[in-house]
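Trainee: Structure file my_file.cif (mmCIF, C-alpha atoms) is given on the next line.
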```
data_work
#
loop_
_atom_site.label_atom_id
_atom_site.label_comp_id
_atom_site.auth_asym_id
_atom_site.auth_seq_id
_atom_site.Cartn_x
_atom_site.Cartn_y
_atom_site.Cartn_z
CA MET A 1 0.00 0.00 0.00
CA GLU A 2 1.27 3.47 -0.82
CA PHE A 3 2.64 5.49 2.04
CA ASN A 4 0.16 8.37 1.67
CA LYS A 5 -2.78 5.96 1.50
CA ARG A 6 -1.60 4.21 4.66
CA THR A 7 -1.14 7.53 6.44
CA TYR A 8 -4.62 8.58 5.33
CA LEU A 9 -6.20 5.37 6.66
CA ILE A 10 -4.45 5.73 10.01
CA LEU A 11 -5.65 9.33 10.22
CA LEU A 12 -9.19 8.29 9.33
CA LEU A 13 -9.08 5.67 12.08
CA LEU A 14 -7.81 8.18 14.64
CA VAL A 15 -10.49 10.73 13.74
CA ALA A 16 -13.14 7.98 13.88
CA LEU A 17 -11.85 7.04 17.36
CA TRP A 18 -11.99 10.69 18.42
CA CYS A 19 -15.60 10.99 17.22
CA GLY A 20 -16.43 7.56 18.65
CA GLY A 21 -15.30 8.74 22.09
CA ILE A 22 -17.72 11.66 21.85
CA VAL A 23 -20.75 9.37 21.44
CA LEU A 24 -19.36 6.65 23.71
CA ALA A 25 -19.22 9.03 26.68
CA PRO A 26 -23.03 9.09 27.15
CA SER A 27 -23.50 5.53 25.85
CA LEU A 28 -21.29 4.06 28.58
CA SER A 29 -22.57 6.22 31.43
CA THR A 30 -24.65 3.39 32.92
CA THR A 31 -22.65 0.30 31.91
CA LEU A 32 -19.09 1.62 32.36
CA PRO A 33 -19.37 4.86 34.35
CA GLY A 34 -15.58 5.02 34.95
CA VAL A 35 -14.80 4.99 31.22
CA SER A 36 -17.61 7.44 30.54
CA SER A 37 -16.29 9.79 33.23
CA PHE A 38 -12.77 9.56 31.77
CA LEU A 39 -14.10 10.39 28.30
CA TYR A 40 -15.97 13.44 29.60
CA SER A 41 -12.77 14.54 31.40
CA PHE A 42 -10.74 13.94 28.24
CA TYR A 43 -12.90 16.28 26.19
CA SER A 44 -13.32 18.85 28.98
CA PRO A 45 -10.20 20.96 28.15
CA ILE A 46 -11.50 21.51 24.61
CA CYS A 47 -15.19 22.15 25.21
CA HIS A 48 -17.46 23.76 27.82
CA GLN A 49 -19.76 20.67 27.66
CA ILE A 50 -22.77 22.73 28.76
CA ASP A 51 -25.77 20.43 28.83
CA VAL A 52 -28.25 22.76 27.12
CA ARG A 53 -25.79 23.45 24.30
CA SER A 54 -25.15 19.79 23.57
CA PHE A 55 -26.83 17.04 21.62
CA HIS A 56 -28.09 14.18 23.75
CA LEU A 57 -27.86 10.43 23.38
CA PHE A 58 -29.72 8.02 25.70
CA GLY A 59 -30.78 11.04 27.76
CA GLU A 60 -27.18 12.17 28.42
CA LYS A 61 -25.24 14.97 26.74
CA ILE A 62 -22.57 13.78 24.31
CA GLY A 63 -18.85 14.39 24.99
CA VAL A 64 -18.70 17.87 23.43
CA CYS A 65 -21.18 20.65 22.63
CA SER A 66 -23.25 20.84 19.44
CA ARG A 67 -20.84 23.20 17.67
CA CYS A 68 -17.75 21.13 18.49
CA SER A 69 -19.45 17.82 17.63
CA SER A 70 -20.64 19.25 14.30
CA ILE A 71 -17.09 20.34 13.50
CA TYR A 72 -15.64 16.91 14.38
CA PHE A 73 -18.31 14.89 12.60
CA GLY A 74 -18.16 17.22 9.60
CA PHE A 75 -14.41 16.69 9.60
CA LEU A 76 -14.85 12.90 9.78
CA LEU A 77 -17.42 12.91 6.96
CA SER A 78 -15.28 15.11 4.75
CA LEU A 79 -12.18 13.06 5.55
CA ALA A 80 -13.97 9.82 4.64
CA LEU A 81 -15.04 11.32 1.30
CA TYR A 82 -11.71 13.08 0.69
CA PRO A 83 -10.24 10.45 -1.70
CA PHE A 84 -13.27 10.96 -4.00
CA PHE A 85 -12.34 14.62 -4.46
CA GLN A 86 -8.55 14.67 -4.21
CA LYS A 87 -5.73 12.33 -5.18
CA LEU A 88 -3.97 11.09 -2.06
CA GLN A 89 -0.70 10.78 -3.98
CA ALA A 90 -0.57 14.51 -4.71
CA PRO A 91 -3.38 16.37 -2.92
CA ALA A 92 -3.79 19.96 -4.04
CA PHE A 93 -3.97 22.95 -1.71
CA PRO A 94 -7.27 24.84 -2.09
CA GLN A 95 -7.46 28.62 -2.49
CA ARG A 96 -6.91 30.48 0.78
CA HIS A 97 -10.18 32.43 0.73
CA TRP A 98 -12.38 29.31 1.11
CA ILE A 99 -11.27 28.81 4.70
CA ALA A 100 -12.27 32.41 5.51
CA LEU A 101 -15.65 31.84 3.89
CA ALA A 102 -16.11 28.60 5.84
CA VAL A 103 -15.29 30.12 9.22
CA LEU A 104 -17.28 33.33 8.64
CA PRO A 105 -20.81 31.96 9.36
CA MET A 106 -19.56 30.45 12.63
CA LEU A 107 -17.92 33.73 13.68
CA ILE A 108 -21.09 35.65 12.79
CA ASP A 109 -23.18 33.19 14.83
CA VAL A 110 -20.83 33.54 17.82
CA PHE A 111 -20.67 37.35 17.46
CA MET A 112 -24.46 37.75 17.17
CA ASN A 113 -25.01 35.53 20.19
CA PHE A 114 -22.33 37.37 22.19
CA THR A 115 -23.78 40.78 21.41
CA GLY A 116 -27.36 39.62 21.95
CA ILE A 117 -28.50 40.45 18.40
CA HIS A 118 -29.60 36.89 17.81
CA GLU A 119 -29.41 33.96 20.20
CA SER A 120 -27.64 31.02 18.57
CA THR A 121 -29.58 27.77 18.57
CA LEU A 122 -28.55 24.12 18.34
CA LEU A 123 -29.39 24.31 14.64
CA THR A 124 -27.28 27.40 13.84
CA ARG A 125 -24.37 26.02 15.88
CA ALA A 126 -24.64 22.66 14.14
CA ILE A 127 -24.88 24.07 10.60
CA THR A 128 -22.05 26.61 10.99
CA GLY A 129 -19.85 24.03 12.75
CA LEU A 130 -20.56 21.41 10.12
CA LEU A 131 -19.61 23.80 7.32
CA PHE A 132 -16.28 24.59 8.98
CA GLY A 133 -15.60 20.91 9.74
CA ILE A 134 -16.30 19.86 6.16
CA ILE A 135 -13.91 22.44 4.68
CA LEU A 136 -11.05 21.82 7.15
CA PRO A 137 -9.66 18.50 5.76
CA PHE A 138 -9.08 20.14 2.38
CA TYR A 139 -6.60 22.48 4.11
CA LEU A 140 -5.13 20.04 6.61
CA ILE A 141 -4.72 16.80 4.66
CA PRO A 142 -2.33 18.05 1.93
CA PRO A 143 0.27 19.49 4.35
CA LEU A 144 -0.23 16.57 6.75
CA LEU A 145 0.42 13.87 4.13
CA GLU A 146 3.23 15.92 2.62
CA GLY A 147 4.78 16.61 6.03
CA ILE A 148 4.69 12.99 7.21
CA ALA A 149 6.23 11.87 3.89
CA GLN A 150 8.97 14.48 4.34
CA LEU A 151 9.68 13.32 7.89
CA ARG A 152 9.90 9.74 6.64
CA ASP A 153 12.29 10.82 3.85
CA GLN A 154 14.45 12.70 6.35
CA HIS A 155 14.45 9.62 8.56
CA ILE A 156 15.46 7.38 5.67
CA ALA A 157 18.24 9.82 4.73
CA ARG A 158 19.60 9.48 8.27
CA GLY A 159 19.47 5.69 8.00
CA GLY A 160 16.59 5.35 10.46
CA PHE A 161 13.92 2.72 11.03
CA PHE A 162 12.21 3.11 7.65
CA TYR A 163 15.55 2.71 5.88
CA ALA A 164 16.15 -0.56 7.72
CA ARG A 165 12.68 -1.83 6.77
CA LYS A 166 13.13 -0.81 3.15
CA THR A 167 16.44 -2.62 2.79
CA GLN A 168 15.25 -5.86 4.45
CA MET B 1 23.28 26.90 1.75
CA LEU B 2 22.16 28.35 5.06
CA GLU B 3 20.36 26.19 7.60
CA LYS B 4 16.70 26.58 8.48
CA PRO B 5 15.85 28.84 11.46
CA ASN B 6 15.83 27.31 14.92
CA LYS B 7 12.39 25.92 15.74
CA PHE B 8 12.83 25.73 19.50
CA ARG B 9 12.76 29.50 20.13
CA ILE B 10 9.59 29.90 18.05
CA ALA B 11 8.02 26.86 19.77
CA LEU B 12 8.84 28.41 23.16
CA ILE B 13 7.16 31.70 22.24
CA SER B 14 4.04 30.13 20.75
CA GLY B 15 3.93 27.48 23.48
CA ALA B 16 4.01 30.27 26.07
CA VAL B 17 1.15 32.01 24.25
CA ILE B 18 -0.86 28.75 24.18
CA GLY B 19 -0.17 28.19 27.89
CA VAL B 20 -1.06 31.75 28.94
CA VAL B 21 -4.28 31.76 26.89
CA ALA B 22 -5.23 28.35 28.32
CA ALA B 23 -4.52 29.29 31.93
CA ILE B 24 -5.69 32.88 32.39
CA PRO B 25 -9.22 32.76 33.82
CA GLY B 26 -11.72 34.21 31.37
CA LEU B 27 -9.26 34.21 28.47
CA SER B 28 -9.15 30.43 28.69
CA LEU B 29 -12.81 30.26 27.64
CA ILE B 30 -11.58 30.69 24.05
CA ASN B 31 -10.47 27.05 24.28
CA CYS B 32 -14.09 26.05 24.88
CA CYS B 33 -14.55 26.31 21.12
CA CYS B 34 -12.54 23.32 19.88
CA CYS B 35 -9.32 24.52 21.49
CA ALA B 36 -9.36 27.70 19.37
CA GLY B 37 -6.57 29.20 21.51
CA VAL B 38 -4.31 26.23 20.81
CA TRP B 39 -5.17 26.33 17.09
CA LEU B 40 -4.25 30.02 17.01
CA GLY B 41 -1.01 29.23 18.85
CA GLY B 42 -0.14 26.75 16.10
CA VAL B 43 -0.96 29.30 13.39
CA LEU B 44 1.11 31.93 15.26
CA ALA B 45 4.07 29.51 15.46
CA MET B 46 3.94 29.01 11.71
CA TYR B 47 3.66 32.74 11.05
CA LEU B 48 6.61 33.56 13.31
CA TYR B 49 8.68 30.74 11.84
CA LYS B 50 8.02 31.93 8.30
CA GLN B 51 9.22 35.42 9.28
CA GLN B 52 12.61 33.94 10.23
CA PHE B 53 13.32 32.71 6.72
CA THR B 54 15.79 34.68 4.63
CA GLU B 55 17.13 34.20 1.12
CA GLY B 56 19.50 31.29 0.73
CA MET B 57 17.68 29.14 3.29
CA PRO B 58 15.93 25.89 2.33
CA PRO B 59 12.19 26.47 1.73
CA LEU B 60 9.54 26.19 4.42
CA GLU B 61 8.10 22.65 4.39
CA SER B 62 5.03 20.87 5.80
CA SER B 63 7.27 18.79 8.05
CA ASP B 64 8.37 22.05 9.73
CA ALA B 65 4.71 22.71 10.55
CA LEU B 66 4.31 19.23 12.05
CA MET B 67 7.39 19.52 14.26
CA LEU B 68 6.71 23.11 15.25
CA GLY B 69 3.10 22.35 16.17
CA LEU B 70 4.15 19.33 18.20
CA MET B 71 6.78 21.28 20.12
CA ALA B 72 4.50 24.28 20.72
CA GLY B 73 1.69 22.00 21.93
CA VAL B 74 3.89 20.13 24.41
CA ILE B 75 5.42 23.37 25.73
CA GLY B 76 1.93 24.92 25.89
CA ALA B 77 0.63 22.03 28.00
CA PHE B 78 3.45 22.42 30.54
CA VAL B 79 3.17 26.23 30.62
CA ALA B 80 -0.63 26.04 31.10
CA THR B 81 -0.27 23.55 33.95
CA CYS B 82 2.43 25.64 35.67
CA ILE B 83 0.37 28.85 35.43
CA ASN B 84 -2.75 26.99 36.57
CA VAL B 85 -0.92 25.73 39.67
CA LEU B 86 0.46 29.21 40.40
CA ILE B 87 -3.00 30.76 40.08
CA LEU B 88 -4.48 27.98 42.22
CA VAL B 89 -1.90 28.54 44.95
CA ALA B 90 -2.15 32.33 44.85
CA PHE B 91 -5.86 32.93 44.31
CA GLY B 92 -7.66 29.58 44.60
CA PRO B 93 -9.89 28.03 41.91
CA VAL B 94 -10.69 31.35 40.18
CA GLU B 95 -11.49 29.81 36.81
CA ALA B 96 -13.81 27.17 38.25
CA GLU B 97 -15.63 29.92 40.19
CA LEU B 98 -15.96 31.98 37.01
CA VAL B 99 -17.38 29.02 35.09
CA LYS B 100 -19.65 28.26 38.05
CA SER B 101 -21.10 31.77 38.04
CA MET B 102 -21.59 31.72 34.25
CA ILE B 103 -23.22 28.29 34.14
CA GLY B 104 -25.21 29.14 37.29
CA LYS B 105 -26.81 32.11 35.51
CA VAL B 106 -27.71 29.96 32.49
CA LEU B 107 -29.15 27.25 34.74
CA ASP B 108 -31.20 29.75 36.75
CA ARG B 109 -32.60 31.24 33.54
CA LEU B 110 -33.53 27.80 32.25
CA SER B 111 -35.12 26.91 35.56
CA GLU B 112 -37.18 30.14 35.52
CA GLN B 113 -38.28 29.48 31.94
CA GLY B 114 -39.28 25.94 32.90
CA SER B 115 -36.90 24.45 30.31
CA MET B 116 -35.10 22.45 32.97
CA PRO B 117 -36.49 20.89 36.17
CA SER B 118 -35.25 22.63 39.33
CA ASP B 119 -33.96 19.34 40.83
CA MET B 120 -31.75 18.85 37.74
CA VAL B 121 -30.46 22.41 38.14
CA GLU B 122 -29.57 21.67 41.76
CA THR B 123 -27.80 18.42 40.78
CA LEU B 124 -25.74 20.23 38.14
CA LYS B 125 -24.84 22.98 40.61
CA GLU B 126 -23.71 20.35 43.13
CA GLN B 127 -21.53 18.72 40.46
CA ILE B 128 -19.92 22.09 39.66
CA GLU B 129 -19.37 22.72 43.37
CA GLN B 130 -17.69 19.33 43.69
CA SER B 131 -15.42 20.06 40.71
CA ILE B 132 -14.32 23.31 42.40
CA LYS B 133 -13.42 21.35 45.55
CA ASP B 134 -11.47 18.82 43.46
CA ALA B 135 -9.62 21.47 41.45
CA GLY B 136 -6.62 21.68 43.80
CA ARG B 137 -6.00 17.94 44.12
CA ALA B 138 -2.62 16.70 42.83
CA SER B 139 -4.35 13.89 40.94
CA ASN B 140 -6.48 16.45 39.13
CA ILE B 141 -3.46 18.58 38.26
CA PHE B 142 -1.46 15.61 36.90
CA GLY B 143 -4.55 14.18 35.21
CA GLY B 144 -5.11 17.54 33.55
CA LEU B 145 -1.47 17.66 32.44
CA PHE B 146 -1.77 14.14 30.99
CA ILE B 147 -4.85 15.08 28.97
CA THR B 148 -3.44 18.40 27.78
CA LEU B 149 -0.19 16.66 26.77
CA ILE B 150 -2.31 14.62 24.34
CA VAL B 151 -4.84 17.25 23.27
CA TYR B 152 -2.70 20.41 22.93
CA PRO B 153 -0.08 18.91 20.58
CA ILE B 154 -2.88 17.53 18.36
CA PHE B 155 -4.57 20.91 18.03
CA ALA B 156 -1.29 22.85 17.83
CA ILE B 157 -0.21 20.59 14.95
CA LEU B 158 -3.55 21.20 13.23
CA GLY B 159 -3.10 24.95 13.78
CA ALA B 160 0.44 24.86 12.41
CA LEU B 161 -0.72 22.85 9.37
CA LEU B 162 -3.49 25.37 8.80
CA GLY B 163 -0.87 28.11 9.16
CA TYR B 164 1.27 26.34 6.61
CA ALA B 165 -1.68 26.09 4.21
CA ILE B 166 -2.22 29.84 4.63
CA PHE B 167 1.40 31.10 4.70
CA ARG B 168 2.99 28.45 2.48
CA PRO B 169 5.40 29.43 -0.29
CA LYS B 170 3.80 29.90 -3.72
CA THR B 171 5.32 26.68 -5.06
CA PRO B 172 5.38 24.04 -2.30
CA PRO B 173 8.29 21.61 -2.40
CA GLN B 174 7.63 18.25 -4.03
CA THR B 175 7.79 15.11 -1.91
CA THR B 176 8.94 11.72 -3.00
CA GLN B 177 6.38 8.95 -2.91
CA ALA B 178 6.92 5.43 -1.70
#
```
Translate this structure into structure tokens?
Mentor:
Amino acid sequence: MEFNKRTYLILLLLVALWCGGIVLAPSLSTTLPGVSSFLYSFYSPICHQIDVRSFHLFGEKIGVCSRCSSIYFGFLLSLALYPFFQKLQAPAFPQRHWIALAVLPMLIDVFMNFTGIHESTLLTRAITGLLFGIILPFYLIPPLLEGIAQLRDQHIARGGFFYARKTQ
Amino acid sequence: MLEKPNKFRIALISGAVIGVVAAIPGLSLINCCCCAGVWLGGVLAMYLYKQQFTEGMPPLESSDALMLGLMAGVIGAFVATCINVLILVAFGPVEAELVKSMIGKVLDRLSEQGSMPSDMVETLKEQIEQSIKDAGRASNIFGGLFITLIVYPIFAILGALLGYAIFRPKTPPQTTQA
């Protein structure tokens, strides 16, 4: 399997695990409360986890709020579909302005809520988060695949682990 | 050919920014939105690193973003924990109190509107109160450091990669494929 494809699959697995943890936190609250508690603690530095601002599963809030979960699940969805839009061997960098356009609705939603012009709802948070999450992989995957390949090349040049495997 | 600029100094600066943003009560709330503070720290690291490049140096590469993000995230996690401990020792659990007052207001409003039963509001308030009591425990501090040592590097790397995608040279260097 090509190196970039393997890197992509590992990344997809890690993102799926990350998103899986978010829904596992409420799912395990009755059967494995210790694991559930750890998962909530794990996600606590990155999200406020306010109950009323979160989606619920089995009557419990999920690991992160609606905006964060929309970003992560949008990211996972877009990452899963990424090979249909871009070649993994040589992924192209998109134009810079698309990221600004993707983040703008979320910033407007946050700003309007903060100033009291319009109170953000689960729906507005979910839609704006999803949009940002879907766009993100198109900016992150090309440098990530390229960067990991470069690190591997540098490692091979130094006669590291990959070099040893290649020559076996 | 000249060598690339030193990453450690830039990682220290951006790591310190990540740590300060994550630890200062109130300011740390920015991390409530998918670790936005850590993302911005990663972008800042990439911006500062790009400024160090002069003619004759090898071009900026994606692998620089990966390493820089990783270093900034790890440093940020340690800086945040150190500042948190200092604040805890000097002023007590200020941040937890701030969050308590903010969430308390939301809960009271929901209770008044009838959107949430009052007994649930009380339970949530008790849980917040308990978390304030637990804030100073060594296990909580080390547990927090353990989690941030995983989470901050991930988001700082993502920030640095995003920074690379934004500030990258016009013609990115080609990589060899396996």
Trainee: Once the PyMOL selection byres ((chain B) within 10 of (chain A)) is applied to the coordinates I shared, what remains selected? I want it as JSON, numbers by chain.
Mentor: {"B": [22, 28, 29, 30, 31, 32, 33, 34, 35, 36, 37, 38, 61, 62, 63, 64, 65, 66, 67, 99, 103, 106, 107, 110, 115, 116, 124, 143, 144, 146, 147, 148, 150, 151, 152, 155, 157, 158, 159, 160, 161, 162, 163, 164, 165, 166, 167, 168, 172, 173, 174, 175, 176, 177, 178]}
Trainee: Considering only C-alpha atoms, state which residue in the set A:Leu131, A:Leu122, A:Leu88, A:Leu9 is at the smallest distance from A:Leu107.
Mentor: A:Leu131
Trainee: Separation of atom CA of B:Lys125 and atom CA of A:Ser70, in Å?
Mentor: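 Computing the Euclidean distance for atom CA of B:Lys125 and atom CA of A:Ser70 yields 26.9 Å.
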Trainee: Report as a list of chain:residue names the residues that result from applying the PyMOL selection byres ((chain B and resi 2-18) around 8) to the structure here.
Mentor: B:Met1, B:Gly19, B:Val20, B:Val21, B:Ala22, B:Gly37, B:Val38, B:Gly41, B:Gly42, B:Leu44, B:Ala45, B:Leu48, B:Tyr49, B:Gln52, B:Phe53, B:Gly56, B:Met57, B:Pro58, B:Leu68, B:Gly69, B:Met71, B:Ala72, B:Gly73, B:Val74, B:Ile75, B:Gly76, B:Ala77, B:Val79, B:Ala80
Trainee: Work out how far apart atom CA of A:His56 and atom CA of A:Ser29 are and give it in Å to one decimal.
Mentor: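 Going from atom CA of A:His56 over to atom CA of A:Ser29, I get 12.4 Å.
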Trainee: What box, with edges along x, y and z, holds each listed atom of stretch 145-155 of chain A when 3 Å is added on every side, and can you state its centre and edge lengths in Å to one decimal, as lines of an AutoDock Vina configuration file?
Mentor:
```
center_x = 7.4
center_y = 13.1
center_z = 5.6
size_x = 20.0
size_y = 13.0
size_z = 11.9
```
Trainee: Residues at most 10 Å from A:Met106, counting all atoms listed in the file, excluding those fewer than 6 positions away in the same chain, as an mmCIF file with C-alpha atoms, keeping the file's coordinate frame?
Mentor:
```cif
data_model
loop_
_atom_site.group_PDB
_atom_site.id
_atom_site.type_symbol
_atom_site.label_atom_id
_atom_site.label_comp_id
_atom_site.auth_asym_id
_atom_site.auth_seq_id
_atom_site.Cartn_x
_atom_site.Cartn_y
_atom_site.Cartn_z
ATOM 1 C CA ARG A 67 -20.840 23.200 17.670
ATOM 2 C CA MET A 112 -24.460 37.750 17.170
ATOM 3 C CA THR A 124 -27.280 27.400 13.840
ATOM 4 C CA ARG A 125 -24.370 26.020 15.880
ATOM 5 C CA ALA A 126 -24.640 22.660 14.140
ATOM 6 C CA ILE A 127 -24.880 24.070 10.600
ATOM 7 C CA THR A 128 -22.050 26.610 10.990
ATOM 8 C CA GLY A 129 -19.850 24.030 12.750
ATOM 9 C CA LEU A 130 -20.560 21.410 10.120
ATOM 10 C CA LEU A 131 -19.610 23.800 7.320
ATOM 11 C CA PHE A 132 -16.280 24.590 8.980
#
```
Trainee: Expressed in Å to a single decimal, how great is the separation between atom CA of A:Gly21 and atom CA of A:Gly63?
Mentor: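 Computing it gives 7.3 Å between the two atoms.
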